[in-house]
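**Student:** Hey, dropping query_27.pdb in here, PDB, C-alpha atoms, pLDDT in the B column:
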ATOM      1  CA  MET A   1     -14.972  94.648 104.309  1.00 54.00           C
ATOM      2  CA  CYS A   2     -11.940  92.898 102.788  1.00 59.00           C
ATOM      3  CA  LYS A   3     -12.073  91.348  99.358  1.00 67.00           C
ATOM      4  CA  PRO A   4     -11.199  87.652  99.124  1.00 70.00           C
ATOM      5  CA  TRP A   5      -7.467  87.120  98.583  1.00 72.00           C
ATOM      6  CA  ALA A   6      -7.854  85.400  95.191  1.00 67.00           C
ATOM      7  CA  LEU A   7     -10.054  88.283  93.964  1.00 74.00           C
ATOM      8  CA  GLN A   8      -7.379  90.815  94.927  1.00 77.00           C
ATOM      9  CA  VAL A   9      -4.596  88.909  93.191  1.00 79.00           C
ATOM     10  CA  ARG A  10      -6.311  87.833  89.970  1.00 84.00           C
ATOM     11  CA  LYS A  11     -10.010  87.890  89.153  1.00 88.00           C
ATOM     12  CA  LEU A  12      -9.867  84.865  86.832  1.00 88.00           C
ATOM     13  CA  ASP A  13      -8.377  82.718  89.617  1.00 88.00           C
ATOM     14  CA  TRP A  14     -11.203  83.821  91.872  1.00 89.00           C
ATOM     15  CA  LEU A  15     -13.708  82.903  89.149  1.00 90.00           C
ATOM     16  CA  VAL A  16     -12.241  79.376  88.870  1.00 91.00           C
ATOM     17  CA  TRP A  17     -12.270  79.036  92.660  1.00 91.00           C
ATOM     18  CA  MET A  18     -15.893  80.210  92.947  1.00 92.00           C
ATOM     19  CA  THR A  19     -16.976  77.961  90.058  1.00 93.00           C
ATOM     20  CA  SER A  20     -15.339  75.016  91.784  1.00 93.00           C
ATOM     21  CA  PHE A  21     -16.882  75.855  95.146  1.00 93.00           C
ATOM     22  CA  LEU A  22     -20.421  76.562  93.975  1.00 95.00           C
ATOM     23  CA  SER A  23     -20.657  73.785  91.386  1.00 95.00           C
ATOM     24  CA  THR A  24     -19.272  71.259  93.876  1.00 95.00           C
ATOM     25  CA  MET A  25     -21.691  72.453  96.520  1.00 95.00           C
ATOM     26  CA  PHE A  26     -24.792  72.341  94.320  1.00 95.00           C
ATOM     27  CA  LEU A  27     -23.987  69.790  91.583  1.00 95.00           C
ATOM     28  CA  GLY A  28     -21.683  67.283  93.281  1.00 95.00           C
ATOM     29  CA  VAL A  29     -17.978  66.646  93.520  1.00 95.00           C
ATOM     30  CA  GLU A  30     -17.390  65.127  90.078  1.00 95.00           C
ATOM     31  CA  THR A  31     -19.406  67.752  88.215  1.00 95.00           C
ATOM     32  CA  GLY A  32     -17.900  70.584  90.254  1.00 94.00           C
ATOM     33  CA  LEU A  33     -14.334  69.482  89.608  1.00 93.00           C
ATOM     34  CA  ALA A  34     -15.031  68.872  85.918  1.00 95.00           C
ATOM     35  CA  MET A  35     -16.504  72.379  85.536  1.00 95.00           C
ATOM     36  CA  SER A  36     -13.620  74.097  87.342  1.00 93.00           C
ATOM     37  CA  ILE A  37     -10.957  72.132  85.440  1.00 95.00           C
ATOM     38  CA  GLY A  38     -12.730  72.900  82.154  1.00 96.00           C
ATOM     39  CA  LEU A  39     -12.911  76.604  83.012  1.00 95.00           C
ATOM     40  CA  ALA A  40      -9.237  76.668  84.008  1.00 94.00           C
ATOM     41  CA  LEU A  41      -8.264  75.025  80.706  1.00 96.00           C
ATOM     42  CA  LEU A  42     -10.353  77.529  78.741  1.00 95.00           C
ATOM     43  CA  ILE A  43      -8.578  80.391  80.520  1.00 94.00           C
ATOM     44  CA  VAL A  44      -5.146  78.909  79.724  1.00 92.00           C
ATOM     45  CA  ILE A  45      -6.065  78.463  76.059  1.00 94.00           C
ATOM     46  CA  TYR A  46      -7.427  82.012  75.837  1.00 93.00           C
ATOM     47  CA  GLU A  47      -4.312  83.524  77.422  1.00 91.00           C
ATOM     48  CA  SER A  48      -2.094  81.482  75.113  1.00 92.00           C
ATOM     49  CA  ALA A  49      -3.994  82.489  71.967  1.00 93.00           C
ATOM     50  CA  PHE A  50      -4.172  86.184  72.926  1.00 95.00           C
ATOM     51  CA  PRO A  51      -0.853  87.031  74.649  1.00 95.00           C
ATOM     52  CA  HIS A  52       0.098  90.373  76.102  1.00 94.00           C
ATOM     53  CA  THR A  53       1.959  92.623  73.678  1.00 95.00           C
ATOM     54  CA  ALA A  54       3.222  96.163  74.089  1.00 95.00           C
ATOM     55  CA  LEU A  55       4.480  99.205  72.214  1.00 94.00           C
ATOM     56  CA  LEU A  56       7.591 100.334  74.069  1.00 93.00           C
ATOM     57  CA  GLY A  57       8.734 103.845  74.818  1.00 92.00           C
ATOM     58  CA  ARG A  58      11.862 105.213  76.483  1.00 92.00           C
ATOM     59  CA  VAL A  59      11.466 106.250  80.105  1.00 93.00           C
ATOM     60  CA  GLY A  60      12.992 109.692  80.540  1.00 89.00           C
ATOM     61  CA  ASN A  61      16.603 110.015  79.375  1.00 89.00           C
ATOM     62  CA  THR A  62      17.444 106.435  80.342  1.00 90.00           C
ATOM     63  CA  THR A  63      18.037 103.286  78.315  1.00 88.00           C
ATOM     64  CA  ILE A  64      14.956 101.674  79.852  1.00 90.00           C
ATOM     65  CA  TYR A  65      12.004 100.930  77.569  1.00 90.00           C
ATOM     66  CA  ARG A  66       8.559 100.187  78.995  1.00 93.00           C
ATOM     67  CA  ASN A  67       4.957  99.761  77.869  1.00 94.00           C
ATOM     68  CA  VAL A  68       3.595 103.164  76.869  1.00 93.00           C
ATOM     69  CA  LYS A  69       0.208 102.318  78.395  1.00 94.00           C
ATOM     70  CA  GLN A  70       1.712 101.513  81.804  1.00 94.00           C
ATOM     71  CA  PHE A  71       4.209 104.386  81.661  1.00 94.00           C
ATOM     72  CA  PRO A  72       2.386 107.322  80.052  1.00 92.00           C
ATOM     73  CA  ASN A  73       5.473 109.569  80.401  1.00 91.00           C
ATOM     74  CA  SER A  74       7.579 107.222  78.260  1.00 92.00           C
ATOM     75  CA  GLN A  75       8.387 108.449  74.771  1.00 90.00           C
ATOM     76  CA  VAL A  76       8.193 106.492  71.525  1.00 89.00           C
ATOM     77  CA  LEU A  77      11.363 107.376  69.662  1.00 86.00           C
ATOM     78  CA  PRO A  78      10.864 108.914  66.210  1.00 86.00           C
ATOM     79  CA  GLY A  79      11.792 106.509  63.434  1.00 85.00           C
ATOM     80  CA  ILE A  80      11.687 103.405  65.654  1.00 84.00           C
ATOM     81  CA  ALA A  81       8.838 101.037  66.494  1.00 87.00           C
ATOM     82  CA  ALA A  82       9.924  99.059  69.559  1.00 90.00           C
ATOM     83  CA  CYS A  83       7.474  96.273  70.412  1.00 92.00           C
ATOM     84  CA  ARG A  84       7.422  93.379  72.865  1.00 93.00           C
ATOM     85  CA  VAL A  85       5.625  90.034  72.738  1.00 92.00           C
ATOM     86  CA  ASP A  86       5.224  88.422  76.160  1.00 92.00           C
ATOM     87  CA  ALA A  87       4.599  84.824  75.113  1.00 91.00           C
ATOM     88  CA  PRO A  88       5.866  82.036  72.881  1.00 91.00           C
ATOM     89  CA  MET A  89       5.133  82.591  69.202  1.00 91.00           C
ATOM     90  CA  TYR A  90       3.355  79.647  67.607  1.00 91.00           C
ATOM     91  CA  PHE A  91       0.488  78.756  65.272  1.00 92.00           C
ATOM     92  CA  ALA A  92      -2.298  79.518  67.751  1.00 92.00           C
ATOM     93  CA  ASN A  93      -1.310  83.122  68.423  1.00 93.00           C
ATOM     94  CA  VAL A  94       0.740  84.232  65.415  1.00 92.00           C
ATOM     95  CA  GLN A  95      -2.162  85.968  63.642  1.00 93.00           C
ATOM     96  CA  TYR A  96      -3.063  87.878  66.811  1.00 95.00           C
ATOM     97  CA  ILE A  97       0.584  88.920  67.269  1.00 93.00           C
ATOM     98  CA  HIS A  98       0.743  89.990  63.610  1.00 91.00           C
ATOM     99  CA  ASP A  99      -2.359  92.157  64.025  1.00 92.00           C
ATOM    100  CA  ARG A 100      -1.043  93.737  67.237  1.00 93.00           C
ATOM    101  CA  LEU A 101       2.365  94.488  65.687  1.00 90.00           C
ATOM    102  CA  ARG A 102       0.626  96.073  62.716  1.00 88.00           C
ATOM    103  CA  LYS A 103      -1.341  98.300  65.107  1.00 92.00           C
ATOM    104  CA  TYR A 104       1.807  99.249  67.057  1.00 90.00           C
ATOM    105  CA  VAL A 105       3.785 100.034  63.900  1.00 86.00           C
ATOM    106  CA  ALA A 106       0.972 102.301  62.717  1.00 87.00           C
ATOM    107  CA  ALA A 107       0.952 104.083  66.093  1.00 87.00           C
ATOM    108  CA  ALA A 108       4.752 104.416  66.100  1.00 87.00           C
ATOM    109  CA  GLY A 109       4.547 105.732  62.536  1.00 84.00           C
ATOM    110  CA  GLN A 110       2.232 108.499  63.713  1.00 86.00           C
ATOM    111  CA  TYR A 111       4.659 109.386  66.529  1.00 83.00           C
ATOM    112  CA  SER A 112       7.518 109.371  64.014  1.00 81.00           C
ATOM    113  CA  GLU A 113       5.695 111.610  61.554  1.00 82.00           C
ATOM    114  CA  ALA A 114       4.910 114.013  64.409  1.00 82.00           C
ATOM    115  CA  GLY A 115       8.633 113.991  65.277  1.00 78.00           C
ATOM    116  CA  GLY A 116       9.590 114.756  61.694  1.00 82.00           C
ATOM    117  CA  LEU A 117      11.101 111.360  60.828  1.00 83.00           C
ATOM    118  CA  PRO A 118       9.608 108.528  58.813  1.00 82.00           C
ATOM    119  CA  LEU A 119       9.419 105.147  60.504  1.00 80.00           C
ATOM    120  CA  GLN A 120      12.690 103.399  59.635  1.00 81.00           C
ATOM    121  CA  TYR A 121      13.260 100.561  62.107  1.00 82.00           C
ATOM    122  CA  LEU A 122      11.249  97.842  63.751  1.00 83.00           C
ATOM    123  CA  LEU A 123      12.734  96.468  66.966  1.00 85.00           C
ATOM    124  CA  LEU A 124      11.107  93.424  68.543  1.00 87.00           C
ATOM    125  CA  ASP A 125      11.962  92.651  72.180  1.00 88.00           C
ATOM    126  CA  MET A 126      12.100  88.851  72.234  1.00 85.00           C
ATOM    127  CA  SER A 127      13.254  88.361  75.837  1.00 86.00           C
ATOM    128  CA  PRO A 128       9.893  86.949  77.034  1.00 88.00           C
ATOM    129  CA  VAL A 129       9.603  84.601  74.014  1.00 88.00           C
ATOM    130  CA  THR A 130      10.555  81.134  75.249  1.00 86.00           C
ATOM    131  CA  HIS A 131       9.487  79.161  72.174  1.00 85.00           C
ATOM    132  CA  ILE A 132       8.919  79.786  68.505  1.00 87.00           C
ATOM    133  CA  ASP A 133       7.590  77.334  65.920  1.00 87.00           C
ATOM    134  CA  SER A 134       7.803  77.502  62.121  1.00 85.00           C
ATOM    135  CA  THR A 135       4.687  79.688  61.916  1.00 86.00           C
ATOM    136  CA  GLY A 136       6.234  82.166  64.345  1.00 85.00           C
ATOM    137  CA  ALA A 137       9.472  82.132  62.348  1.00 81.00           C
ATOM    138  CA  LEU A 138       7.479  82.925  59.205  1.00 83.00           C
ATOM    139  CA  LEU A 139       5.987  85.888  61.058  1.00 82.00           C
ATOM    140  CA  LEU A 140       9.512  87.121  61.803  1.00 79.00           C
ATOM    141  CA  CYS A 141      10.455  86.713  58.143  1.00 74.00           C
ATOM    142  CA  GLY A 142       7.458  88.731  56.990  1.00 75.00           C
ATOM    143  CA  ILE A 143       7.508  91.291  59.771  1.00 71.00           C
ATOM    144  CA  LEU A 144       9.009  94.052  57.642  1.00 58.00           C
ATOM    145  CA  ASP A 145       5.988  93.837  55.384  1.00 63.00           C
ATOM    146  CA  ILE A 146       4.069  95.220  58.365  1.00 62.00           C
ATOM    147  CA  ARG A 147       6.438  98.170  58.677  1.00 56.00           C
ATOM    148  CA  ASP A 148       6.722  98.732  54.938  1.00 57.00           C
ATOM    149  CA  LYS A 149       2.962  98.810  54.374  1.00 57.00           C
ATOM    150  CA  CYS A 150       2.546 101.370  57.138  1.00 52.00           C
ATOM    151  CA  SER A 151       5.507 103.550  56.149  1.00 50.00           C
ATOM    152  CA  GLY A 152       5.484 103.148  52.360  1.00 51.00           C
ATOM    153  CA  ARG A 153       9.025 101.695  52.375  1.00 51.00           C
ATOM    154  CA  ARG A 154      10.094  98.617  50.479  1.00 45.00           C
ATOM    155  CA  CYS A 155      12.798  96.447  51.970  1.00 40.00           C
ATOM    156  CA  LYS A 156      13.384  92.722  51.539  1.00 39.00           C
ATOM    157  CA  HIS A 157      15.992  91.748  54.120  1.00 36.00           C
ATOM    158  CA  GLY A 158      13.816  90.571  57.031  1.00 42.00           C
ATOM    159  CA  LEU A 159      13.514  91.706  60.630  1.00 52.00           C
ATOM    160  CA  ASP A 160      15.399  94.905  61.524  1.00 57.00           C
ATOM    161  CA  ALA A 161      16.374  93.701  65.020  1.00 58.00           C
ATOM    162  CA  ALA A 162      15.248  91.264  67.663  1.00 61.00           C
ATOM    163  CA  ALA A 163      16.545  92.028  71.125  1.00 59.00           C
ATOM    164  CA  SER A 164      17.417  89.210  73.552  1.00 58.00           C
ATOM    165  CA  PRO A 165      15.904  86.204  71.785  1.00 59.00           C
ATOM    166  CA  SER A 166      16.339  82.802  73.386  1.00 61.00           C
ATOM    167  CA  SER A 167      18.948  80.576  71.727  1.00 60.00           C
ATOM    168  CA  HIS A 168      16.548  78.710  69.406  1.00 57.00           C
ATOM    169  CA  VAL A 169      14.850  81.806  67.930  1.00 59.00           C
ATOM    170  CA  PRO A 170      17.756  82.754  65.596  1.00 58.00           C
ATOM    171  CA  VAL A 171      18.023  79.109  64.499  1.00 58.00           C
ATOM    172  CA  ALA A 172      14.302  78.956  63.646  1.00 57.00           C
ATOM    173  CA  TYR A 173      14.565  82.308  61.831  1.00 54.00           C
ATOM    174  CA  ARG A 174      17.561  81.162  59.749  1.00 57.00           C
ATOM    175  CA  LYS A 175      15.713  78.020  58.677  1.00 58.00           C
ATOM    176  CA  GLN A 176      12.775  80.076  57.347  1.00 53.00           C
ATOM    177  CA  THR A 177      14.653  82.742  55.426  1.00 51.00           C
ATOM    178  CA  THR A 178      17.132  82.736  52.581  1.00 44.00           C
ATOM    179  CA  THR A 179      18.549  86.016  53.853  1.00 44.00           C
ATOM    180  CA  THR A 180      21.889  86.000  55.625  1.00 40.00           C
ATOM    181  CA  VAL A 181      21.183  86.621  59.286  1.00 40.00           C
ATOM    182  CA  SER A 182      24.003  88.138  61.263  1.00 40.00           C
ATOM    183  CA  ARG A 183      24.376  88.717  64.973  1.00 38.00           C
ATOM    184  CA  HIS A 184      23.445  92.330  64.219  1.00 40.00           C
ATOM    185  CA  HIS A 185      19.919  91.274  63.217  1.00 43.00           C
ATOM    186  CA  LEU A 186      19.283  88.897  66.118  1.00 41.00           C
ATOM    187  CA  GLN A 187      21.158  90.172  69.135  1.00 40.00           C
ATOM    188  CA  ASN A 188      21.466  88.016  72.300  1.00 37.00           C
TER     189      ASN A 188
END
Write out the structure in this file as structure tokens.
**Tutor:**
Amino acid sequence: MCKPWALQVRKLDWLVWMTSFLSTMFLGVETGLAMSIGLALLIVIYESAFPHTALLGRVGNTTIYRNVKQFPNSQVLPGIAACRVDAPMYFANVQYIHDRLRKYVAAAGQYSEAGGLPLQYLLLDMSPVTHIDSTGALLLCGILDIRDKCSGRRCKHGLDAAASPSSHVPVAYRKQTTTTVSRHHLQN
């Protein structure tokens, strides 16, 4: 027996569809639509507040970096914590992103120690980040505190590197920090 198409593609879409169908059938059109729209909005808010993040590792001897959970053969490079945030950074999700980055830096630190090097660099892949507000920019300013607390280092110059940020991310970062930000720090 075949699964319904929406269930195969994404289970949450199927849940919204079934909620709409069943509540409309048993509770009426207005109530059914209100319940399905409310559920869809709750799902959007949840996904916005808890975005996908990843610790990145190098795939083989290439220059390609992918999620270490999706590519178990990828290797986290000693001395480098490469992380990716797959959503805009703003007030509603900045604490979650901070907590996830802290977890990834700790994991990368363990890989680094096993490789014989202390964790030295934090690289943040910003290519999926389409928007950043002042709270997100403050996270970027304080991001080295995450690395320093996990590695025992003290450094006060800001983010080590942000790869492929959209054009407004370096502007927002510069407005939040007194540190001179060069193209080296925020590479397009």
**Student:** Identify which of the residues A:Asn67, A:Gln110, A:Asn93, A:Ser36 lies closest to A:Leu12, counting only C-alpha atoms when measuring atom-to-atom distances.
**Tutor:**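 Among the listed residues, the smallest separation from A:Leu12 belongs to A:Ser36.
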**Student:** Please report as a tab-separated table every residue of stretch 20-108 of chain A lying within 8 Å of stretch 135-142 of chain A, along with the nearest atom pair and their distance in Å (one decimal), using only C-alpha atoms.
**Tutor:**
residue	atom	partner	partner_atom	distance
A:Met89	CA	A:Gly136	CA	5.0
A:Tyr90	CA	A:Gly136	CA	5.0
A:Phe91	CA	A:Thr135	CA	5.5
A:Val94	CA	A:Gly136	CA	6.0
A:His98	CA	A:Leu139	CA	7.1
**Student:** To one decimal place in Å, what is the distance between atom CA of A:Leu42 and atom CA of A:Ser23?
**Tutor:**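 Computed distance, atom CA of A:Leu42 to atom CA of A:Ser23, equals 16.7 Å.
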**Student:** Which residue, A:Gln8, A:Thr63, A:Ser134, A:Thr24, has the smallest gap to A:Pro88 when you use only C-alpha atoms?
**Tutor:**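 Residue with the minimum atom-to-atom distance to A:Pro88: A:Ser134.
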**Student:** Would you mind telling me which residue in A:Ser127, A:Arg10, A:Asp86, A:Val76 lies nearest to A:Ala108 when using all atoms listed in the file?
**Tutor:** A:Val76
**Student:** For A:Asp133, which of A:Ala54, A:Ala49, A:Ala81, A:Ala92 is the closest residue, counting all atoms listed in the file?
**Tutor:** A:Ala92
**Student:** Please evaluate the PyMOL selection byres ((chain A and resi 20) around 9) against the structure above and give the resulting residues as a PyMOL selection string.
**Tutor:** chain A and resi 15-19+21-25+29+32-37
**Student:** Separation of atom CA of A:Ile80 and atom CA of A:Leu119, in Å?
**Tutor:**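 Atom-to-atom, atom CA of A:Ile80 and atom CA of A:Leu119 are spaced 5.9 Å apart.
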**Student:** Between atom CA of A:Tyr65 and atom CA of A:Leu117, what is the spacing in Å?
**Tutor:**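 Rounded to one decimal, the two atoms are 19.7 Å apart.
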**Student:** For A:Gly79, which residue out of A:Ser48, A:Pro118, A:Leu41, A:Phe26 is the nearest one, using only C-alpha atoms?
**Tutor:**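 Selected residue with least distance to A:Gly79: A:Pro118.
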**Student:** Determine the nearest neighbour of A:Tyr111 from the options A:Gln75, A:Thr53, A:Thr31, A:Asn61, counting all atoms listed in the file.
**Tutor:**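 With all atoms listed in the file as the atom set, the closest residue is A:Gln75.
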**Student:** Determine, counting all atoms listed in the file, which protein, DNA and RNA residues have an atom within 8 Å of an atom of A:Tyr104; residues of the same chain fewer than 2 positions away are not included. Present the result as a list of chain:residue names.
**Tutor:**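 Those residues are A:Ala54, A:Leu55, A:Ala81, A:Cys83, A:Arg100, A:Leu101, A:Arg102, A:Ala106, A:Ala107, A:Ala108.
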**Student:** Using all atoms listed in the file, what residues lie at most 12 Å away from (2.3, 101.9, 83.1) (file coordinates), given as a list in words?
**Tutor:**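 The residues near that point, listed by chain and number, are Ala54, Leu55, Leu56, Gly57, Val59, Tyr65, Arg66, Asn67, Val68, Lys69, Gln70, Phe71, Pro72, Asn73 and Ser74 of chain A.
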